[in-house]
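For reference, input12.txt (compact mmCIF, C-alpha atoms and all ligand atoms):
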```txt
# COMPACT_ATOMS: atom_id res chain seq x y z
CA MET A 1 -26.48 1.80 -17.43
CA SER A 2 -26.94 2.84 -13.78
CA THR A 3 -26.96 6.53 -12.78
CA GLU A 4 -23.76 5.93 -10.79
CA ALA A 5 -22.03 4.43 -13.85
CA VAL A 6 -23.10 7.40 -16.04
CA GLY A 7 -21.75 9.83 -13.40
CA LEU A 8 -18.50 7.89 -13.18
CA LEU A 9 -17.97 8.08 -16.95
CA ALA A 10 -18.63 11.84 -16.99
CA ASP A 11 -16.13 12.33 -14.15
CA LEU A 12 -13.62 10.16 -15.97
CA ALA A 13 -13.96 12.25 -19.14
CA SER A 14 -13.42 15.55 -17.34
CA LYS A 15 -10.41 14.21 -15.44
CA THR A 16 -8.66 12.94 -18.58
CA GLU A 17 -9.19 16.32 -20.25
CA ARG A 18 -6.82 17.96 -17.77
CA CYS A 19 -3.87 16.15 -19.37
CA ILE A 20 -2.10 18.53 -21.75
CA ARG A 21 0.18 15.75 -23.06
CA CYS A 22 3.36 17.57 -22.04
CA GLY A 23 5.17 14.33 -21.15
CA PHE A 24 6.75 15.61 -17.91
CA CYS A 25 5.47 12.43 -16.25
CA LEU A 26 7.24 10.01 -18.58
CA ASP A 27 10.57 9.82 -16.79
CA ALA A 28 8.82 9.33 -13.46
CA CYS A 29 6.90 6.30 -14.70
CA PRO A 30 8.58 2.96 -13.86
CA THR A 31 6.78 1.00 -16.59
CA PHE A 32 7.70 3.56 -19.24
CA ARG A 33 11.31 3.61 -18.07
CA LEU A 34 11.46 -0.20 -18.34
CA THR A 35 9.69 -0.58 -21.68
CA GLY A 36 9.96 2.74 -23.51
CA GLN A 37 6.39 2.17 -24.77
CA GLU A 38 4.06 5.16 -24.94
CA THR A 39 1.02 3.01 -24.16
CA LEU A 40 2.73 1.93 -20.94
CA SER A 41 3.30 5.54 -19.84
CA PRO A 42 0.87 7.81 -17.92
CA ARG A 43 0.33 10.04 -20.96
CA GLY A 44 -0.32 7.02 -23.19
CA ARG A 45 -2.67 5.40 -20.71
CA ILE A 46 -4.66 8.61 -20.23
CA TYR A 47 -4.90 9.01 -24.00
CA LEU A 48 -6.16 5.43 -24.41
CA VAL A 49 -8.79 5.95 -21.71
CA LYS A 50 -9.85 9.28 -23.27
CA SER A 51 -10.08 7.74 -26.75
CA TRP A 52 -12.13 4.84 -25.41
CA ARG A 53 -14.40 7.31 -23.61
CA GLU A 54 -14.88 9.29 -26.82
CA GLY A 55 -15.62 6.14 -28.77
CA THR A 56 -12.66 6.40 -31.16
CA ILE A 57 -11.26 3.08 -29.91
CA SER A 58 -12.98 0.15 -28.27
CA LEU A 59 -12.28 -1.26 -24.85
CA ASP A 60 -10.10 -4.08 -26.12
CA HIS A 61 -7.18 -6.11 -24.82
CA ASN A 62 -4.66 -3.35 -25.64
CA VAL A 63 -6.47 -1.00 -23.28
CA GLN A 64 -6.72 -3.81 -20.76
CA HIS A 65 -2.97 -4.47 -20.98
CA ALA A 66 -2.18 -0.76 -20.55
CA LEU A 67 -4.35 -0.58 -17.43
CA ASP A 68 -3.28 -3.93 -15.97
CA SER A 69 0.42 -3.14 -16.38
CA CYS A 70 0.12 0.14 -14.46
CA LEU A 71 1.50 -0.13 -10.93
CA GLY A 72 -0.88 2.51 -9.60
CA CYS A 73 2.21 4.01 -7.94
CA ARG A 74 1.14 7.58 -8.74
CA ALA A 75 4.70 8.77 -9.35
CA CYS A 76 3.18 10.45 -12.42
CA GLU A 77 0.95 12.56 -10.16
CA THR A 78 3.97 13.88 -8.30
CA ALA A 79 5.62 14.80 -11.61
CA CYS A 80 2.58 16.30 -13.32
CA PRO A 81 2.50 20.13 -13.46
CA SER A 82 -1.19 20.18 -14.46
CA GLY A 83 -2.55 18.41 -11.40
CA VAL A 84 -3.90 15.42 -13.32
CA GLU A 85 -5.48 13.03 -10.83
CA TYR A 86 -4.00 9.97 -12.41
CA GLY A 87 -4.74 7.59 -9.50
CA THR A 88 -8.44 8.43 -9.66
CA ILE A 89 -8.49 8.10 -13.47
CA LEU A 90 -6.90 4.66 -13.15
CA GLU A 91 -9.36 3.48 -10.51
CA MET A 92 -12.36 4.77 -12.48
CA ALA A 93 -11.12 3.24 -15.74
CA ARG A 94 -10.46 -0.10 -14.05
CA THR A 95 -13.93 0.01 -12.51
CA GLU A 96 -15.48 0.50 -15.94
CA MET A 97 -13.26 -2.21 -17.40
CA GLU A 98 -14.30 -4.74 -14.74
CA ARG A 99 -17.96 -3.80 -15.23
CA ALA A 100 -17.56 -4.45 -18.97
CA LYS A 101 -16.37 -8.00 -18.15
CA ILE A 102 -13.80 -8.26 -20.93
CA ARG A 103 -11.56 -10.65 -19.00
CA PRO A 104 -11.91 -14.42 -19.49
CA PRO A 105 -14.31 -15.52 -16.70
CA LEU A 106 -11.78 -17.87 -15.06
CA GLU A 107 -9.16 -15.12 -14.84
CA ALA A 108 -11.71 -12.64 -13.47
CA PHE A 109 -12.79 -15.20 -10.88
CA ALA A 110 -9.18 -15.97 -9.88
CA ARG A 111 -8.33 -12.27 -9.47
CA LYS A 112 -11.35 -11.69 -7.27
CA GLN A 113 -10.56 -14.73 -5.15
CA LEU A 114 -6.96 -13.60 -4.74
CA LEU A 115 -8.16 -10.30 -3.29
CA ASN A 116 -10.70 -12.05 -1.10
CA VAL A 117 -8.02 -14.34 0.35
CA LEU A 118 -5.55 -11.51 0.95
CA THR A 119 -8.13 -9.35 2.69
CA SER A 120 -9.70 -12.07 4.87
CA PRO A 121 -7.32 -12.74 7.78
CA GLY A 122 -8.76 -16.25 8.38
CA LEU A 123 -8.39 -17.28 4.73
CA LEU A 124 -4.94 -15.70 4.44
CA SER A 125 -3.68 -17.50 7.56
CA ALA A 126 -5.10 -20.81 6.30
CA SER A 127 -3.52 -20.27 2.87
CA LEU A 128 -0.13 -19.54 4.41
CA ARG A 129 -0.38 -22.66 6.55
CA ALA A 130 -1.27 -24.72 3.45
CA GLY A 131 1.56 -23.05 1.55
CA LYS A 132 4.02 -23.94 4.30
CA TRP A 133 2.79 -27.50 4.23
CA MET A 134 3.15 -27.65 0.45
CA GLY A 135 6.49 -25.81 0.60
CA GLY A 136 8.41 -28.96 -0.29
CA LEU A 137 6.43 -29.33 -3.52
CA THR A 138 6.42 -25.69 -4.60
CA GLY A 139 9.73 -24.48 -3.14
CA GLY A 140 7.76 -22.11 -0.89
CA ARG A 141 6.18 -20.50 -3.95
CA MET A 142 2.60 -19.93 -4.94
CA PRO A 143 1.28 -22.96 -6.91
CA ALA A 144 2.36 -22.50 -10.55
CA LEU A 145 -1.12 -23.13 -11.96
CA ALA A 146 -2.68 -20.39 -9.81
CA ALA A 147 0.13 -17.97 -10.70
CA ARG A 148 -0.27 -18.70 -14.41
CA LEU A 149 -4.03 -18.19 -14.25
CA LEU A 150 -3.59 -14.83 -12.53
CA SER A 151 -0.80 -13.49 -14.72
CA GLY A 152 -1.39 -15.26 -18.03
CA THR A 153 2.38 -15.92 -18.18
CA SER A 154 4.65 -18.81 -17.26
CA ALA A 155 6.97 -16.47 -15.30
CA PRO A 156 8.18 -18.00 -12.00
CA ALA A 157 5.46 -17.87 -9.36
CA PRO A 158 6.18 -15.42 -6.51
CA ARG A 159 7.18 -16.85 -3.14
CA LEU A 160 4.61 -16.96 -0.39
CA PRO A 161 5.26 -14.20 2.16
CA VAL A 162 6.63 -14.96 5.62
CA ALA A 163 4.55 -14.02 8.67
CA HIS A 164 6.29 -11.79 11.24
CA ASN A 165 4.45 -12.72 14.39
CA GLN A 166 6.98 -13.81 16.99
CA SER A 167 4.74 -12.60 19.78
CA GLY A 168 1.69 -14.56 18.55
CA THR A 169 -1.21 -13.64 16.30
CA ALA A 170 -3.82 -12.65 18.89
CA SER A 171 -5.43 -9.24 18.42
CA PRO A 172 -4.28 -6.51 20.82
CA PRO A 173 -6.60 -5.39 23.63
CA GLU A 174 -9.36 -3.02 22.59
CA ARG A 175 -7.75 -0.33 24.79
CA SER A 176 -4.07 0.13 25.63
CA PRO A 177 -3.36 3.06 28.00
CA ALA A 178 -0.63 5.66 27.49
CA THR A 179 2.54 5.07 29.45
CA GLY A 180 3.10 8.21 31.48
CA PRO A 181 0.88 11.28 31.22
CA LYS A 182 -1.86 10.96 28.62
CA ARG A 183 -1.74 13.45 25.74
CA PHE A 184 -4.12 12.01 23.12
CA THR A 185 -6.54 9.21 22.35
CA VAL A 186 -6.03 7.53 18.99
CA ALA A 187 -7.46 4.55 17.15
CA ILE A 188 -5.41 2.19 15.04
CA LEU A 189 -6.37 -0.11 12.18
CA GLU A 190 -5.02 -3.63 12.56
CA GLY A 191 -5.67 -4.17 8.86
CA CYS A 192 -6.06 -7.45 7.01
CA VAL A 193 -2.60 -8.22 5.60
CA MET A 194 -0.86 -6.36 8.46
CA ARG A 195 -2.78 -8.34 11.07
CA VAL A 196 -1.65 -11.68 9.63
CA LEU A 197 1.83 -10.98 8.23
CA PHE A 198 3.04 -8.13 10.42
CA THR A 199 1.53 -8.71 13.85
CA ASP A 200 4.84 -7.67 15.43
CA THR A 201 4.72 -4.33 13.60
CA ASN A 202 1.19 -3.69 14.84
CA ARG A 203 2.32 -4.43 18.41
CA ALA A 204 5.32 -2.10 18.00
CA THR A 205 2.99 0.62 16.66
CA ILE A 206 0.85 0.43 19.79
CA ARG A 207 3.89 0.51 22.11
CA VAL A 208 5.37 3.52 20.30
CA LEU A 209 2.04 5.38 20.54
CA GLN A 210 1.75 4.52 24.24
CA ALA A 211 5.30 5.78 24.81
CA ASN A 212 4.18 9.02 23.18
CA GLY A 213 1.34 9.56 25.62
CA CYS A 214 -1.46 8.08 23.50
CA ASP A 215 -4.29 5.94 24.76
CA VAL A 216 -4.70 3.46 21.88
CA ILE A 217 -7.99 1.95 20.75
CA ALA A 218 -8.04 -1.06 18.41
CA PRO A 219 -11.71 -1.24 17.28
CA ARG A 220 -12.89 -4.80 17.75
CA ASN A 221 -14.68 -5.39 14.48
CA ALA A 222 -12.54 -3.36 12.09
CA GLN A 223 -11.66 -5.39 9.01
CA CYS A 224 -10.27 -4.59 5.54
CA CYS A 225 -10.37 -0.93 4.39
CA GLY A 226 -11.08 -1.87 0.74
CA ALA A 227 -7.83 -0.41 -0.68
CA LEU A 228 -6.88 -3.46 -2.74
CA HIS A 229 -10.40 -3.72 -4.16
CA VAL A 230 -10.61 -0.05 -5.08
CA HIS A 231 -7.22 -0.22 -6.82
CA ALA A 232 -8.35 -3.28 -8.76
CA GLY A 233 -11.53 -1.62 -10.00
CA LEU A 234 -13.81 -3.77 -7.82
CA HIS A 235 -15.68 -0.67 -6.79
CA GLU A 236 -18.82 -2.19 -5.28
CA ASP A 237 -16.82 -4.67 -3.17
CA ALA A 238 -14.61 -1.81 -2.01
CA LEU A 239 -17.59 0.37 -1.00
CA GLN A 240 -19.06 -2.48 1.03
CA ARG A 241 -15.80 -2.81 2.98
CA MET A 242 -15.57 0.96 3.48
CA ARG A 243 -19.06 1.18 4.94
CA ALA A 244 -18.35 -1.71 7.31
CA LEU A 245 -15.11 -0.07 8.46
CA ILE A 246 -16.87 3.24 9.08
CA ASP A 247 -19.43 1.39 11.22
CA SER A 248 -16.67 -0.18 13.29
CA PHE A 249 -14.91 3.16 13.95
CA SER A 250 -18.08 5.23 14.47
CA PRO A 251 -18.56 4.41 18.18
CA TYR A 252 -15.14 5.94 18.91
CA PHE A 253 -15.36 9.10 16.77
CA ASN A 254 -16.20 11.37 19.70
CA GLU A 255 -13.19 10.39 21.79
CA ILE A 256 -10.37 10.00 19.26
CA ASP A 257 -7.99 12.70 18.08
CA ALA A 258 -6.71 10.66 15.13
CA ILE A 259 -6.80 7.29 13.40
CA VAL A 260 -3.16 6.27 13.10
CA ILE A 261 -2.23 4.02 10.19
CA ASN A 262 0.98 2.04 9.66
CA SER A 263 0.24 0.79 6.13
CA ALA A 264 0.74 3.31 3.30
CA GLY A 265 -1.75 1.65 0.95
CA CYS A 266 -4.52 1.65 3.57
CA GLY A 267 -3.81 5.23 4.68
CA SER A 268 -4.00 6.52 1.14
CA THR A 269 -7.42 4.97 0.52
CA LEU A 270 -8.78 5.90 3.96
CA ARG A 271 -8.01 9.55 3.17
CA GLU A 272 -10.19 9.17 0.06
CA TYR A 273 -13.27 7.75 1.83
CA GLY A 274 -14.92 11.17 1.90
CA GLU A 275 -14.63 11.46 -1.87
CA LEU A 276 -15.42 7.83 -2.66
CA LEU A 277 -18.60 7.86 -0.55
CA LYS A 278 -19.68 11.43 -1.33
CA ASP A 279 -22.91 10.29 -2.99
CA ASP A 280 -23.89 7.92 -0.19
CA ASN A 281 -26.62 9.64 1.84
CA ILE A 282 -26.06 7.47 4.88
CA TYR A 283 -22.27 7.31 5.01
CA SER A 284 -20.96 10.50 3.36
CA GLY A 285 -20.72 12.58 6.58
CA ARG A 286 -18.96 9.89 8.57
CA ALA A 287 -16.72 9.05 5.60
CA ARG A 288 -15.51 12.67 5.51
CA LEU A 289 -14.99 12.67 9.28
CA LEU A 290 -13.01 9.43 9.15
CA SER A 291 -10.82 10.73 6.32
CA SER A 292 -10.09 13.92 8.25
CA LYS A 293 -8.74 11.90 11.17
CA ILE A 294 -6.32 9.72 9.19
CA ARG A 295 -2.62 10.12 9.96
CA ASP A 296 0.30 7.97 8.98
CA ILE A 297 2.20 6.88 12.13
CA CYS A 298 5.33 8.91 11.23
CA GLU A 299 3.23 11.92 10.28
CA TRP A 300 1.35 11.72 13.58
CA LEU A 301 4.47 11.44 15.73
CA GLU A 302 6.07 14.42 14.01
CA GLU A 303 2.80 16.36 14.36
CA ILE A 304 2.55 15.83 18.12
CA GLY A 305 6.31 16.08 18.72
CA PRO A 306 7.81 12.69 19.52
CA ALA A 307 8.97 11.86 23.04
CA ALA A 308 12.74 11.59 23.44
CA MET A 309 14.27 8.15 22.88
CA SER A 310 16.94 6.95 25.24
CA GLY A 311 17.93 3.64 23.62
CA GLU A 312 20.58 3.54 20.92
CA VAL A 313 20.13 1.94 17.52
CA ASN A 314 23.61 1.73 16.10
CA MET A 315 22.68 0.89 12.54
CA THR A 316 23.11 2.25 9.04
CA VAL A 317 19.62 2.50 7.61
CA SER A 318 18.20 3.44 4.21
CA TYR A 319 14.59 4.44 3.67
CA HIS A 320 12.44 3.20 0.76
CA ASP A 321 9.48 5.49 0.05
CA ALA A 322 6.30 3.43 -0.26
CA CYS A 323 4.43 4.84 -3.28
CA HIS A 324 1.20 5.41 -1.39
CA LEU A 325 3.06 7.42 1.23
CA ALA A 326 5.33 9.49 -1.01
CA HIS A 327 3.05 9.95 -4.02
CA GLY A 328 -0.38 9.06 -2.58
CA GLN A 329 -0.11 11.04 0.67
CA ARG A 330 2.91 13.31 -0.02
CA ILE A 331 4.65 12.07 3.13
CA ARG A 332 8.41 11.98 2.60
CA GLU A 333 10.12 14.06 5.25
CA GLN A 334 8.44 12.86 8.45
CA PRO A 335 9.73 9.24 8.33
CA ARG A 336 13.26 10.46 7.57
CA THR A 337 13.17 13.09 10.31
CA LEU A 338 11.91 10.56 12.84
CA LEU A 339 14.58 8.03 11.91
CA GLN A 340 17.25 10.69 12.33
CA ARG A 341 15.99 11.38 15.83
CA ILE A 342 16.90 7.82 16.90
CA PRO A 343 20.16 7.94 18.85
CA GLY A 344 22.99 6.12 17.09
CA LEU A 345 21.16 5.63 13.77
CA THR A 346 22.81 6.72 10.52
CA LEU A 347 20.41 7.37 7.63
CA VAL A 348 21.75 7.03 4.09
CA GLU A 349 19.70 7.83 1.00
CA MET A 350 19.27 5.32 -1.80
CA ASP A 351 19.02 6.19 -5.46
CA GLU A 352 15.41 6.14 -6.75
CA ALA A 353 14.13 5.77 -3.17
CA ASP A 354 10.63 6.79 -4.29
CA THR A 355 10.47 4.48 -7.32
CA CYS A 356 8.09 1.53 -6.95
CA CYS A 357 9.66 -1.80 -5.91
CA GLY A 358 7.14 -3.72 -8.03
CA SER A 359 4.99 -5.01 -5.18
CA ALA A 360 2.05 -2.65 -5.80
CA GLY A 361 -0.75 -4.60 -4.13
CA THR A 362 -1.12 -7.77 -6.18
CA TYR A 363 0.99 -6.53 -9.10
CA ASN A 364 3.89 -8.89 -8.30
CA ILE A 365 1.45 -11.78 -8.81
CA THR A 366 -0.53 -10.49 -11.79
CA GLU A 367 2.39 -8.81 -13.64
CA PRO A 368 5.38 -10.88 -12.48
CA VAL A 369 7.77 -9.98 -15.31
CA LEU A 370 7.78 -6.20 -14.83
CA ALA A 371 7.54 -6.63 -11.04
CA ALA A 372 10.69 -8.79 -11.01
CA GLN A 373 12.59 -6.20 -13.08
CA LEU A 374 11.62 -3.44 -10.68
CA LEU A 375 12.61 -5.54 -7.68
CA LYS A 376 16.01 -6.25 -9.22
CA ARG A 377 16.56 -2.54 -9.74
CA LYS A 378 15.50 -1.75 -6.17
CA ILE A 379 17.82 -4.40 -4.71
CA ALA A 380 20.74 -3.02 -6.75
CA HIS A 381 20.09 0.46 -5.33
CA ILE A 382 19.86 -0.99 -1.83
CA GLN A 383 23.24 -2.69 -2.27
CA GLU A 384 24.82 0.57 -3.41
CA THR A 385 23.88 2.26 -0.10
CA GLY A 386 25.87 -0.21 2.03
CA ALA A 387 23.05 -0.02 4.61
CA ASN A 388 22.45 -3.05 6.80
CA THR A 389 18.76 -2.26 7.32
CA ILE A 390 16.07 -1.03 4.94
CA VAL A 391 13.03 0.70 6.36
CA THR A 392 9.66 1.22 4.69
CA GLY A 393 6.06 1.84 5.71
CA ASN A 394 3.96 -0.56 3.69
CA PRO A 395 3.32 -4.31 4.05
CA GLY A 396 3.56 -5.07 0.32
CA CYS A 397 6.99 -3.40 0.02
CA LEU A 398 8.18 -5.10 3.23
CA ALA A 399 7.30 -8.60 2.00
CA TRP A 400 8.42 -8.11 -1.62
CA ILE A 401 11.78 -6.45 -0.88
CA GLU A 402 12.44 -9.05 1.82
CA GLN A 403 11.96 -11.71 -0.85
CA GLY A 404 14.39 -9.91 -3.16
CA LEU A 405 17.03 -9.56 -0.43
CA GLU A 406 16.77 -13.23 0.47
CA GLU A 407 16.93 -14.41 -3.13
CA GLN A 408 20.13 -12.40 -3.62
CA GLY A 409 21.54 -13.86 -0.38
CA LEU A 410 22.10 -10.36 1.05
CA LYS A 411 22.56 -9.87 4.78
CA VAL A 412 20.30 -6.83 4.84
CA ARG A 413 17.25 -6.66 7.07
CA ILE A 414 14.03 -4.85 6.30
CA CYS A 415 11.52 -3.53 8.80
CA HIS A 416 8.92 -0.86 9.42
CA PRO A 417 10.13 2.46 10.96
CA VAL A 418 8.09 1.80 14.12
CA GLU A 419 10.20 -1.26 14.88
CA LEU A 420 13.33 0.89 15.18
CA LEU A 421 11.43 3.51 17.18
CA ASP A 422 10.11 0.78 19.44
CA ALA A 423 13.62 -0.52 20.07
CA ALA A 424 14.79 3.00 20.93
CA TYR A 425 11.87 3.61 23.30
CA LYS A 426 12.29 0.24 24.99
CA ARG A 427 16.05 0.78 25.30
CA ASP A 428 16.40 -2.81 24.09
CA ASN A 429 19.35 -4.45 22.54
CA LEU A 430 18.25 -4.15 18.90
CA GLU A 431 19.20 -7.71 17.99
CA GLU A 432 16.68 -8.90 20.58
CA THR A 433 13.95 -6.69 19.15
CA LEU A 434 13.98 -7.36 15.40
S1 LIG B 1 -0.29 13.47 -17.01
FE1 LIG B 1 0.46 15.52 -16.52
S2 LIG B 1 2.68 15.39 -16.88
FE2 LIG B 1 1.77 13.61 -17.92
S3 LIG B 1 1.42 14.30 -20.01
FE3 LIG B 1 -0.49 14.69 -18.89
S4 LIG B 1 -0.32 16.82 -18.17
FE4 LIG B 1 1.75 16.18 -18.78
S1 LIG B 2 0.79 5.07 -11.69
FE1 LIG B 2 2.99 4.56 -11.83
S2 LIG B 2 3.09 2.93 -13.38
FE2 LIG B 2 1.06 3.88 -13.58
S3 LIG B 2 1.31 5.45 -15.15
FE3 LIG B 2 1.66 6.49 -13.18
S4 LIG B 2 3.86 6.38 -12.84
FE4 LIG B 2 3.37 4.88 -14.48
```

Take the structure in the file and write it out as structure tokens.
Amino acid sequence: MSTEAVGLLADLASKTERCIRCGFCLDACPTFRLTGQETLSPRGRIYLVKSWREGTISLDHNVQHALDSCLGCRACETACPSGVEYGTILEMARTEMERAKIRPPLEAFARKQLLNVLTSPGLLSASLRAGKWMGGLTGGRMPALAARLLSGTSAPAPRLPVAHNQSGTASPPERSPATGPKRFTVAILEGCVMRVLFTDTNRATIRVLQANGCDVIAPRNAQCCGALHVHAGLHEDALQRMRALIDSFSPYFNEIDAIVINSAGCGSTLREYGELLKDDNIYSGRARLLSSKIRDICEWLEEIGPAAMSGEVNMTVSYHDACHLAHGQRIREQPRTLLQRIPGLTLVEMDEADTCCGSAGTYNITEPVLAAQLLKRKIAHIQETGANTIVTGNPGCLAWIEQGLEEQGLKVRICHPVELLDAAYKRDNLEETL
């Protein structure tokens, strides 16, 4: 066993020992609420991992099922009074599980390829084009065989996501100057999924930052941040991506005040670079520096004091908390405050706004049954609000909830908060903007 693996196991043991088994996290856990099973709760999962670490149970398919069925939403962390770092425990346990290679080789291969496609913009674009072409055969869904291989069930395959790139897919310029007096210089991350599926959101992010006096840098060679890989336990692949991303941001470190992120999942992982690379002699310093500069777009705008908006957005809007913003980064108020600053906008709260929608990275593909139940619950809560627009800050939630709304035939739109801010700053007719 490598020194790193031994260290990881020791860390894992000490982190699981913090759980006092009080059960305060149970009601917060979506998979426990759906199933009522202790092994599908945070407390149960921690206990399984601890028992496996202590050698009282083996790493078998029950442990695998408990870990696979976890959304990684970290709602349990928010609820836990003992400060148990559940997200880290999950990532460490999944890393050990993948290293132990207990999955059938074909399934392991398919899971890895899925992540590679999602995080490679060229491959993702090509897959979406092929999916569109095959749409007549599959009803716009992922091919059934691939879905079955990934999930091990015959549940309906998820639909392929729709790309939101009305203004084209070309990357933005490396530098976009502030409109009006310059206040800050920031870098953005185009991302992998965001760059392909939500090009319009990335453009809106840049315009909103410019309108707030920010010179915006989009580093040329920045690729995937590794979030999906780290959540899946593909630790080495994740570290490779993290190092490459640090290299692409390093030339700008001296001139930027912040790295502004519009994807909750990416932001959450980027904040953890310092910890994840702490033993890397070459990258640890820059990893810590990068993490210290990370701001979610709503967090950043509230921090600098947003410029006044003169356009009106006469809409009733409800906000869905992306898990990796609310639970992963503890950002709840800033998006709501910003939305309420938009002239004309009415914000209404939805029940269980911070409960996972079931998207959770690739969860809706690998665990389609539980994911579909969570989506149904989310759509029902959306309907109860009477809002005509849902707003959320993560690409997975945007695509998955959009699918749920369409399947229910609801005339409710979903978008990222920056798209409403952009409309207000541009003083556009909203219908022309979204
Ligand atoms: S994870 Fe926290 S809330 Fe849940 S049982 Fe353990 S100590 Fe209690
Ligand atoms: S991360 Fe989410 S699904 Fe997993 S145990 Fe915690 S609350 Fe439950």

Using only C-alpha atoms, can you tell me which of A:Gly361, A:Ala287, A:Leu405, A:Ala264 comes closest to Ala380 in chain A?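 For Ala380 in chain A, the nearest of the candidates is A:Leu405.
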
Padding 8 Å on every side, please: axis-aligned box over the listed atoms of range 277-286 of chain A, centre and edge lengths to one decimal in Å, as AutoDock Vina command-line options.
```
--center_x -22.6 --center_y 9.9 --center_z 2.8 --size_x 24.0 --size_y 21.3 --size_z 27.6
```

Would you list the residues that come within 6 Å of ligand LIG 1 (chain B)? Count all atoms listed in the file and give the answer as a PyMOL selection string. chain A and resi 19-25+42-43+80-82+84

Check which residues of chain A sit at most 6 Å from ligand LIG 2 (chain B) using all atoms listed in the file, and return one row each with the closest pair of atoms and their distance in Å to one decimal, ordered by chain and rising number, as a tab-separated table.
```
residue	atom	partner	partner_atom	distance
A:Ala28	CA	B:LIG2	S4	5.8
A:Cys29	CA	B:LIG2	S4	3.6
A:Pro30	CA	B:LIG2	S2	5.5
A:Thr31	CA	B:LIG2	S2	5.3
A:Ser41	CA	B:LIG2	S3	5.1
A:Pro42	CA	B:LIG2	S3	3.7
A:Cys70	CA	B:LIG2	FE2	4.0
A:Leu71	CA	B:LIG2	S2	4.2
A:Gly72	CA	B:LIG2	S1	3.7
A:Cys73	CA	B:LIG2	FE1	4.0
A:Arg74	CA	B:LIG2	S1	3.9
A:Ala75	CA	B:LIG2	S4	4.3
A:Cys76	CA	B:LIG2	S4	4.1
```

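The coordinates place CA of Glu299 in chain A at 27.0 Å from CA of Gly386 in chain A.
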
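What separates CA of Asn202 in chain A from CA of Val391 in chain A is a distance of 15.2 Å.
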
Hey, which of A:Arg175, A:His231, A:Arg207, A:Lys182 ends up closest to Leu115 in chain A? Count all atoms listed in the file. A:His231

CA of Ser125 in chain A and CA of Gly404 in chain A are how many Å apart?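 Separation of CA of Ser125 in chain A and CA of Gly404 in chain A: 22.3 Å.
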
So, with all atoms listed in the file as the atoms that count, which of A:Gln408, A:Gly87, A:Met242, A:Ala372 lies closest to Gln329 in chain A? A:Gly87

Among listed residues A:Ala93, A:Ala155, A:Ala232, A:Ser263, nearest Gly191 in chain A (using all atoms listed in the file):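 When distances to Gly191 in chain A are compared using all atoms listed in the file, the smallest one comes from A:Ser263.
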
Nearest to Val186 in chain A by atom-to-atom distance, counting all atoms listed in the file, from A:Leu339, A:Ala100, A:Ile294, A:Leu40: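 With all atoms listed in the file as the atom set, the closest residue is A:Ile294.
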
Which residues of range 221-271 of chain A come within 9 Å of range 314-328 of chain A, and what is each one's closest atom pair and distance in Å (one decimal), counting all atoms listed in the file, sorted by chain and residue number, as JSON lines?
```
{"residue": "A:Ser263", "atom": "CA", "partner": "A:Leu325", "partner_atom": "CA", "distance": 8.7}
{"residue": "A:Ala264", "atom": "CA", "partner": "A:Leu325", "partner_atom": "CA", "distance": 5.2}
{"residue": "A:Gly265", "atom": "CA", "partner": "A:His324", "partner_atom": "CA", "distance": 5.3}
{"residue": "A:Cys266", "atom": "CA", "partner": "A:His324", "partner_atom": "CA", "distance": 8.5}
{"residue": "A:Gly267", "atom": "CA", "partner": "A:His324", "partner_atom": "CA", "distance": 7.9}
{"residue": "A:Ser268", "atom": "CA", "partner": "A:Gly328", "partner_atom": "CA", "distance": 5.8}
{"residue": "A:Thr269", "atom": "CA", "partner": "A:Gly328", "partner_atom": "CA", "distance": 8.7}
```

Any idea what's packed within 9 Å of Gly180 in chain A, counting only C-alpha atoms, ignoring anything in its chain fewer than 6 positions away? Could you give it as JSON, numbers by chain? {"A": [210, 211, 212, 213]}

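Closest approach to Ile414 in chain A among A:Lys50, A:His164, A:Lys112, A:Arg94 is made by A:His164 (distances from only C-alpha atoms).
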